[in-house]
Amino acid sequence: IVRSSSSAKQSLLRRSFSSSSSSVPERKVAILGAAGGIGQPLALLMKLNPLVSSLSLFDIANTPGVAADVGHINTRSEVVGYMGDDELAKALEGADLVIIPAGVPRKPGMTRDDLFNINAGIVKNLCSAIAKYCPHALVNMISNPVNSTVPIAAEIFKKAGMYDEKKLFGVTTLDVVRAKTFYAGKANVPVAEVNVPVIGGHAGVTILPLFSQATPQANLSSDVLTALTKRTQDGGTEVVEAKAGKGSATLSMAYAGALFADACLKGLNGVPDVVECSYVQSTITELPFFASKVRLGKNGVEEVLDLGPLSDFEKEGLEALKPELKSSIEKGVKFANQ
Ligand code: NAI
């Protein structure tokens, strides 16, 4: 265990920051895979979040350095690094929110599903530990293939007898972030004002942006909308290819992960009307897991919102994504029950 500074210094820090944060509840956030390409910038962004009082950084390697580095930043949270499975229990105990970017990323030519064999096992082990040490925490799953790792987590939690479907989230925020950026470019509107729901799942054609519901509205041709949809679906691959073997999206993913974690914390703290897209257990289609707009609250998912009106193009996209998403879900369930 590496504390970011001596305990005397920490209590001083706690005192000096306590007045500004006295009305904000204490929240422990754990990041599993915190020394990775996503984990490090995500640790930085969560250290900047005033809703976090304790930041727990876990990885199988290199967390002492990341924790020492991030821990010097003069913001509210105490930072502790934990390394190796022996320290996983302490990393998780008391966590309100666990964010999981542990695992291997894609290389050019790989699909997210190609990561299944390695990442499924990692997620299974980490979720078994969550069930034991922080069964009430919200879980934000970033590790790919999200379409399968979320069902794996659900099965592990069911076996442990603590599954609460309101507390398990697949992080699809990066798809929303990309859709907003690409749409703003074509619609010529200020990107900060753009909203675009993205539904379905988080891989290729299972990613379905609903540009017909985008705001501010713009009159884009069907060719442009088709191209925007394809670019959003292939956004991850665009980065994988540009990085040419050095991994997948890390910085934009850390931003998206921090945005979604912040929304979860706001929900826990009782802030009303916090709505984000996420891949959750769902009954809005016939598939058991599906990404759509979700209202977040004190217990996690407060309401899974319905899809709203779809264009014909989006209706076709929805039907086209179902077989792949269904088989990815089944693959995860089967793996967890082997
Ligand atoms: P990376 O390889 O840079 O980092 C992964 C980290 O996980 C490493 O530090 C590694 O030591 C750690 N790790 C491995 N096994 C672990 C275990 N059992 N417990 C704790 N930590 C462990 O990979 P990167 O780029 O950070 O990506 C991580 C994951 O996020 C990948 O699966 C990637 O596909 C996924 N991803 C998801 C996105 C999304 O939108 N949901 C977007 C981009 C990536």
# chains A, B, ... in the order shown; residues from 1 in each chain; ligands from 1
call {"tool": "residues_near_ligand", "arguments": {"ligand": "ligand 1", "cutoff": "8 Å", "atoms": "only C-alpha atoms and all ligand atoms", "output": "ChimeraX atom specification"}}
result
/A:32-39,58-62,84-85,100-106,112,115,119,122-123,125-126,141-146,170-175,202,236,247-250,253,256
call {"tool": "residues_around", "arguments": {"residues": "A:Leu220", "least_positions_apart": "5", "cutoff": "10 Å", "atoms": "only C-alpha atoms", "output": "PDB file with C-alpha atoms, in the first residue's frame"}}
result
ATOM      1  CA  TYR A 183     -22.469  15.602 -35.343  1.00  0.00           C
ATOM      2  CA  LYS A 186     -21.320  18.258 -39.778  1.00  0.00           C
ATOM      3  CA  ALA A 187     -24.255  20.247 -38.369  1.00  0.00           C
ATOM      4  CA  PHE A 211     -29.229  11.421 -34.835  1.00  0.00           C
ATOM      5  CA  SER A 212     -32.955  11.918 -35.530  1.00  0.00           C
ATOM      6  CA  LEU A 225     -26.482  10.733 -41.439  1.00  0.00           C
ATOM      7  CA  THR A 226     -25.382   7.333 -42.733  1.00  0.00           C
TER       8      THR A 226
END
call {"tool": "atom_distance", "arguments": {"atom1": "atom CA of A:Ile199", "atom2": "atom CA of A:Val271"}}
result
23.8 Å
call {"tool": "select_by_dssp", "arguments": {"residues": "stretch 92-262 of chain A", "states": "strand (DSSP E or B)", "output": "number ranges by chain"}}
result
A: 97-100, 138-141, 168-170, 195, 198-200, 207-209, 215
call {"tool": "closest_residue", "arguments": {"among": "A:Ala68, A:Leu228, A:Val189, A:Ala254", "to": "A:Ile31", "atoms": "only C-alpha atoms"}}
result
A:Ala254
call {"tool": "residues_around", "arguments": {"residues": "A:Thr229", "least_positions_apart": "3", "cutoff": "8 Å", "atoms": "only C-alpha atoms", "output": "ChimeraX atom specification"}}
result
/A:179,208-209,225-226,232-233
call {"tool": "residues_around", "arguments": {"residues": "A:Leu88", "least_positions_apart": "5", "cutoff": "8 Å", "atoms": "only C-alpha atoms", "output": "PyMOL selection string"}}
result
chain A and resi 58+82-83+129
call {"tool": "write_last_selection", "arguments": {"atoms": "C-alpha atoms", "output": "PDB file, in the first residue's frame"}}
result
ATOM      1  CA  PHE A  58      -5.723  -0.753  -7.892  1.00  0.00           C
ATOM      2  CA  TYR A  82      -2.916  -0.888  -4.047  1.00  0.00           C
ATOM      3  CA  MET A  83      -0.955  -3.451  -6.033  1.00  0.00           C
ATOM      4  CA  ALA A 129     -13.963  -9.605  -5.273  1.00  0.00           C
TER       5      ALA A 129
END
call {"tool": "select_by_dssp", "arguments": {"residues": "stretch 45-192 of chain A", "states": "helix (DSSP H, G or I)", "output": "PyMOL selection string"}}
result
chain A and resi 45-47+63-71+85-92+112-133+146-160+165-167+173-187+191-192
call {"tool": "write_last_selection", "arguments": {"atoms": "C-alpha atoms", "output": "mmCIF file, in the first residue's frame"}}
result
data_model
loop_
_atom_site.group_PDB
_atom_site.id
_atom_site.type_symbol
_atom_site.label_atom_id
_atom_site.label_comp_id
_atom_site.auth_asym_id
_atom_site.auth_seq_id
_atom_site.Cartn_x
_atom_site.Cartn_y
_atom_site.Cartn_z
ATOM 1 C CA LEU A 45 -9.792 13.229 -13.690
ATOM 2 C CA MET A 46 -11.373 11.538 -10.654
ATOM 3 C CA LYS A 47 -8.793 13.283 -8.428
ATOM 4 C CA THR A 63 0.110 1.674 -8.817
ATOM 5 C CA PRO A 64 2.612 3.062 -6.251
ATOM 6 C CA GLY A 65 3.936 5.538 -8.803
ATOM 7 C CA VAL A 66 0.526 6.538 -10.114
ATOM 8 C CA ALA A 67 -0.830 7.027 -6.584
ATOM 9 C CA ALA A 68 2.195 9.058 -5.447
ATOM 10 C CA ASP A 69 1.949 11.244 -8.543
ATOM 11 C CA VAL A 70 -1.820 11.851 -8.540
ATOM 12 C CA GLY A 71 -1.792 12.119 -4.728
ATOM 13 C CA ASP A 85 -4.396 -9.464 -5.591
ATOM 14 C CA ASP A 86 -3.417 -9.455 -1.890
ATOM 15 C CA GLU A 87 -4.405 -5.802 -1.717
ATOM 16 C CA LEU A 88 -7.618 -6.011 -3.723
ATOM 17 C CA ALA A 89 -9.823 -6.390 -0.623
ATOM 18 C CA LYS A 90 -8.496 -3.184 0.903
ATOM 19 C CA ALA A 91 -8.803 -1.381 -2.408
ATOM 20 C CA LEU A 92 -12.506 -2.258 -2.566
ATOM 21 C CA ARG A 112 -13.553 -6.024 -29.293
ATOM 22 C CA ASP A 113 -14.687 -9.632 -29.193
ATOM 23 C CA ASP A 114 -11.106 -10.761 -29.877
ATOM 24 C CA LEU A 115 -10.320 -9.501 -26.361
ATOM 25 C CA PHE A 116 -12.869 -11.849 -24.829
ATOM 26 C CA ASN A 117 -10.547 -14.677 -23.819
ATOM 27 C CA ILE A 118 -8.255 -12.510 -21.701
ATOM 28 C CA ASN A 119 -10.612 -9.837 -20.421
ATOM 29 C CA ALA A 120 -13.490 -12.148 -19.487
ATOM 30 C CA GLY A 121 -11.282 -13.909 -16.949
ATOM 31 C CA ILE A 122 -10.000 -10.619 -15.490
ATOM 32 C CA VAL A 123 -13.530 -9.230 -15.148
ATOM 33 C CA LYS A 124 -14.761 -12.469 -13.567
ATOM 34 C CA ASN A 125 -12.085 -12.322 -10.848
ATOM 35 C CA LEU A 126 -12.551 -8.629 -10.155
ATOM 36 C CA CYS A 127 -16.333 -9.008 -9.918
ATOM 37 C CA SER A 128 -16.000 -11.931 -7.492
ATOM 38 C CA ALA A 129 -13.963 -9.605 -5.273
ATOM 39 C CA ILE A 130 -16.513 -6.792 -5.613
ATOM 40 C CA ALA A 131 -19.252 -9.236 -4.531
ATOM 41 C CA LYS A 132 -17.237 -10.029 -1.421
ATOM 42 C CA TYR A 133 -15.787 -6.687 -0.385
ATOM 43 C CA VAL A 146 -18.594 -4.492 -22.830
ATOM 44 C CA ASN A 147 -21.474 -6.308 -24.583
ATOM 45 C CA SER A 148 -20.231 -9.497 -22.863
ATOM 46 C CA THR A 149 -18.362 -8.275 -19.759
ATOM 47 C CA VAL A 150 -21.519 -6.706 -18.278
ATOM 48 C CA PRO A 151 -23.494 -10.001 -18.568
ATOM 49 C CA ILE A 152 -20.454 -11.787 -17.054
ATOM 50 C CA ALA A 153 -20.511 -9.387 -14.088
ATOM 51 C CA ALA A 154 -24.269 -9.929 -13.644
ATOM 52 C CA GLU A 155 -23.850 -13.718 -13.575
ATOM 53 C CA ILE A 156 -20.969 -13.542 -11.082
ATOM 54 C CA PHE A 157 -23.023 -11.258 -8.863
ATOM 55 C CA LYS A 158 -26.064 -13.576 -9.127
ATOM 56 C CA LYS A 159 -23.954 -16.535 -8.053
ATOM 57 C CA ALA A 160 -22.755 -14.504 -5.064
ATOM 58 C CA GLU A 165 -29.401 -4.821 -11.603
ATOM 59 C CA LYS A 166 -29.690 -1.154 -10.677
ATOM 60 C CA LYS A 167 -25.997 -1.034 -9.793
ATOM 61 C CA THR A 173 -20.328 7.247 -22.816
ATOM 62 C CA LEU A 174 -17.472 7.373 -25.317
ATOM 63 C CA ASP A 175 -19.925 6.494 -28.091
ATOM 64 C CA VAL A 176 -22.053 9.467 -27.007
ATOM 65 C CA VAL A 177 -19.004 11.741 -26.789
ATOM 66 C CA ARG A 178 -17.961 10.724 -30.318
ATOM 67 C CA ALA A 179 -21.469 11.083 -31.734
ATOM 68 C CA LYS A 180 -21.676 14.613 -30.291
ATOM 69 C CA THR A 181 -18.292 15.620 -31.706
ATOM 70 C CA PHE A 182 -18.920 14.188 -35.179
ATOM 71 C CA TYR A 183 -22.469 15.602 -35.343
ATOM 72 C CA ALA A 184 -21.359 19.093 -34.309
ATOM 73 C CA GLY A 185 -18.763 19.064 -37.086
ATOM 74 C CA LYS A 186 -21.320 18.258 -39.778
ATOM 75 C CA ALA A 187 -24.255 20.247 -38.369
ATOM 76 C CA VAL A 191 -20.379 21.137 -29.820
ATOM 77 C CA ALA A 192 -20.985 21.957 -26.160
#
